[in-house]
Amino acid sequence: MKIIFSLLTFFVVVLGVAAIVPNFMDWNKYKGEALTKFESMIGLKASIDGDISLALLPSPRLYAENVKISDPSASDKTLLALKLLDVRVSLPALISGNVEVTSINLEEPVIRLVQSAQGQYNFMTPQIESMMNKDAGSDEKSSKTSNVAVSFEAISIKDGAFIYQAPGQLTQLTTINLDIEVDDLSGPFAVNGNLAYNGQPLEVDLKTGKIDPDTMSTQLNLVAVMGAADLNFAGVVQGGDQPSVKGEVVAEIGSLEEYAPSAPFKGKASVEGVISAGAESAALKDAVINLAGTKLNGSADVKFSPMSVNGSFTAAEPLNLDLFIKKNDGNQAQGSLLEVTNALPKTLELPALGAIKLALNFPAVIYSGANFNDATVELANADKGFTLNFEAATMPGKGPLKVTSALNFAEKSSVKGGDKIIYTSPVATIRAKGQSANPSDMIKAFTGQTGLPLVSSAKTGVFNAMVKIAPNTIALEEGVINLDDDAYSITGALSPQSDSKTPLLKLAVVADFVNFDAVMGGSREGSEASGVSSKSGGEMPFDLQIDTSIHKAIFQGKTISGLKIGARMADQKLVVNRIAASDFDGQKFDVSGIVTVDMAASKPALSGKLQLGDLTWKTTQKTQAQKSGADKWSSAAIDSGWMNAANIDFEVAANSINYEGWQLNKPSIDIEMKDGVLSINELTAGIYEGAISAKAKMKPAKGTSGLDVDGQASISKVQMEPLVTSLAAGSRLLKGRGVISMDVSAAGAGQSIKGLISALDGAGTISGSDIVIEGVDVQRFVRALSEDAKPGDSALNLWKGVGTGGSTSFETLDGSYKVQKGVVNIEKLLLDGPRASIATTGQIYLVPWTLQTAHVMSVRDRDDVPSFTVNISGSLDNPTQTFAQGLLNDYLQRKIERKVNKVLDGGLGDKLDKKLGLDGALKGILGGGTAAPKQVQPDTPVIVPDQAPALAEPANDNVAPQENAVQDAQEPAVVEEPVVEESAPEPTPEEAVQNLIKGFM
């Protein structure tokens, strides 16, 4: 027993010494010697800046602090750094010849692995390489090693890092916190924990089977979570010289917004299928791609060196882009269109690429509620860029659509051994071609606009457009739209301005035909659908400069050819700098100057200074204001609300203007409209060898209706005949020559044009000199009406003197008139000459457009010829007819008076008086005998209405019927006069009355 007890005591003492003595030893004394041997053995520099310790009991343990291994020949020397190393080994397993590591704890380990362009790793030294070659060639060593069982129960890594760097590649695993379980060196392995992969948090749960030593393959189950992305893989992985992966993979992104905030697609995305990948290629078969609810089925093949992709996927359901594109609610301010160019990468670095072709097929693509059926999207690469094409068999409007786009770079360079390509200076090109049997539906699909006048009536439409996008520039290099037989072309560019933060959009528009009447009166339906909100106040995110050329246009019913318009809009100001046309209602014009429309003021402000050429304005259709008689002026209420809609300040000058018979030379006008008052501050022009000046003010008569007008005009030393013709709206009241001057002022207010005319009040004067009236020989006319003129010659001379020949000269013209309630009262209008004079009084009624005047004509070289009054009344629409009727009526009236006087002077009157017991009353009443006046006094005009039945106005304006009427009217007088002068039997009273009637007829 003592021996056994002694042996046991000895064994306990030995174990105690083995357990206690190492703890009392200072292992730091041996660091230098141990590190020197380690460095000489592996060829790397090692250091331990902290404490080390070694224990055998109760289990073998190695402890070290601040361990570092580095390569002295490398620029970045550190290969491995450890803040703490704690290794524990199972003692029983070690005694039995096996290595069973119960735990390895690593705190803040950092491993940096660098591979050079030649494939050399930074840890490889000649010593390590020699050791590896020696171990590879020693079968005995391998056999012995293989007999040693090595296992790891647990490996713990806290706040570790792994950095792998190769040419063109950098992989960083940081903040590694992993728990690893290893049965033995051949597996199985289990890894659980988290880390950061290139800055992105990653959770890992990995399990393998045992590694087949012949194929170096094993089963792998991997679950990885990185942010909103999950990856699940179940399959087989193989290492060795031909590494590969094959199995089922499911990858899911819970939120596309997290990875691509600006992408139009929102929501989840996932890919699942069978993946097989090797060192050179990979393939995804039986794949199902779910992109924000849209499922695609297909397959793809990928090659790695260089990178190439070939895939095709087909969707079973339409792709509804409206679900992914955020709509503008109208409250968001529009950003600059140039922001689109910010999406272009200034430089792009990619792996060396081979051929890339990816096709996506959809039964339909839905955009803005419109269907693009049988759609295909293709992505491919080009020499220096990429292409993205879209085709639809039918788009809205029943026609095909093809959109081709390309992202090209000006420069492409190869770097880092040819594995990487750098692209610089990008330009994106987009071309769209399409045709439609319903252009309205087509335009609605792209713009949201409906009822546009230019397209609403078109039956066919074809368009072709090309847009180029470069950094800070968007250019529409080609834009052609054909609507039926008319073509429209638009080109332009949007680019920054050096003197403004707002970009400038320049546009050039060429059109075959535009009906402005239809455009301005077109439907505004769909304006809200266009996405332009009225809340924006009309502001645009860019300045606009536009040059327009229209081959043919319709404006206010008139045809315009060769119309050209140049304008610019900035800061809510529209500036028109040119308007020209080769043919506008039969004339050519070119307006130079600047017109500015300021929309930023409290109300739109229009201002400008224009220089016009030679203009002729005429009315080709008879309007309400040009009708005859009582219907000449419109009774419709005048809407004068437009006078408060804007402020106007304009100066306009022209070379000449011909407007409705008024021929103006070098006219200029200064117009101002402010706060509802329209003022013609100054109007001056040369007219008919003289000059005209005028000014006026106009405002609403009441509220926003009617007109209140107050104006003055002065005409100085103008030629008489063209002036009178213009005043009579083109009617030739007279022919002649002379110089006259006029002054007039008028004012009135009314709710309609007719009411305004009927309310006019004013006054005026007229003067003139050296006046000759052609076609009217006053002397001959007055002589024809005298007592001594031959009856057969009177009517002929009267008519010929008025209509076909003769003239009268006057030295002066002096007149004045007043306007009261739409009636022009001629107070005085005296034409005075050396041989004759005409004194006119009467009225011109503006509303019914008639006149009623008396013209006292007298001669100065014949004392025996008394003055005579011509009374004229009738319509101003046919002044020649009115004038002729007035002359003939007065002629017949005078002739009847002479005839009656002769009959009564022959004794018939006395006899009738005696028979009837009238005592001379009949002779006095009828104008015969002593009771009749010898002549109408020249200064007492007699107004005689149209009363002769034979002078009814003919159906046309020809002179011939009037002339016949005169001849017919005078024939009885030619026959009757000699009968009266002959000595005939005394007639009975009945016969006398009959003869009197015959004389009238």
# chains A, B, ... in the order shown; residues from 1 in each chain; ligands from 1
call {"tool": "select_by_dssp", "arguments": {"residues": "region 259-324 of chain A", "states": "helix (DSSP H, G or I)", "output": "PDB file with C-alpha atoms, in the first residue's frame"}}
result
ATOM      1  CA  TYR A 259     -30.867  49.992 -53.836  1.00  0.00           C
ATOM      2  CA  LEU A 321     -45.588  50.970 -65.680  1.00  0.00           C
ATOM      3  CA  ASP A 322     -48.249  53.170 -64.061  1.00  0.00           C
ATOM      4  CA  LEU A 323     -47.862  51.119 -60.892  1.00  0.00           C
TER       5      LEU A 323
END
call {"tool": "closest_residue", "arguments": {"among": "A:Pro396, A:Gly273, A:Gly874, A:Gly209", "to": "Phe446 (chain A)", "atoms": "only C-alpha atoms"}}
result
A:Pro396
call {"tool": "select_by_dssp", "arguments": {"residues": "region 730-766 of chain A", "states": "strand (DSSP E)", "output": "list of chain:residue names"}}
result
A:Lys735, A:Gly736, A:Arg737, A:Gly738, A:Val739, A:Ile740, A:Ser741, A:Met742, A:Asp743, A:Val744, A:Ser745, A:Ala746, A:Ala747, A:Gly748, A:Ala749, A:Gly750, A:Asp761, A:Gly762, A:Ala763, A:Gly764, A:Thr765, A:Ile766
call {"tool": "closest_residue", "arguments": {"among": "A:Met41, A:Ala518, A:Ala445, A:Val819", "to": "Ala370 (chain A)", "atoms": "only C-alpha atoms"}}
result
A:Ala445
call {"tool": "closest_residue", "arguments": {"among": "A:Lys68, A:Lys828, A:Lys702, A:Lys303", "to": "Asp639 (chain A)", "atoms": "only C-alpha atoms"}}
result
A:Lys702
call {"tool": "closest_residue", "arguments": {"among": "A:Asn515, A:Ser705, A:Ser425, A:Ser752", "to": "Ser640 (chain A)", "atoms": "only C-alpha atoms"}}
result
A:Ser705
call {"tool": "residues_around", "arguments": {"residues": "region 834-849 of chain A", "least_positions_apart": "5", "cutoff": "6 Å", "atoms": "only C-alpha atoms", "output": "ChimeraX atom specification"}}
result
/A:629-630,822-829,854-860,876
call {"tool": "residues_around", "arguments": {"residues": "region 308-318 of chain A", "least_positions_apart": "4", "cutoff": "7 Å", "atoms": "only C-alpha atoms", "output": "PyMOL selection string"}}
result
chain A and resi 295-304+353-365
call {"tool": "closest_residue", "arguments": {"among": "A:Ala654, A:Leu574, A:Ala46, A:Ile275", "to": "Lys609 (chain A)", "atoms": "only C-alpha atoms"}}
result
A:Ala654
call {"tool": "atom_distance", "arguments": {"atom1": "CA of Met307 (chain A)", "atom2": "CA of Gly240 (chain A)"}}
result
22.8 Å
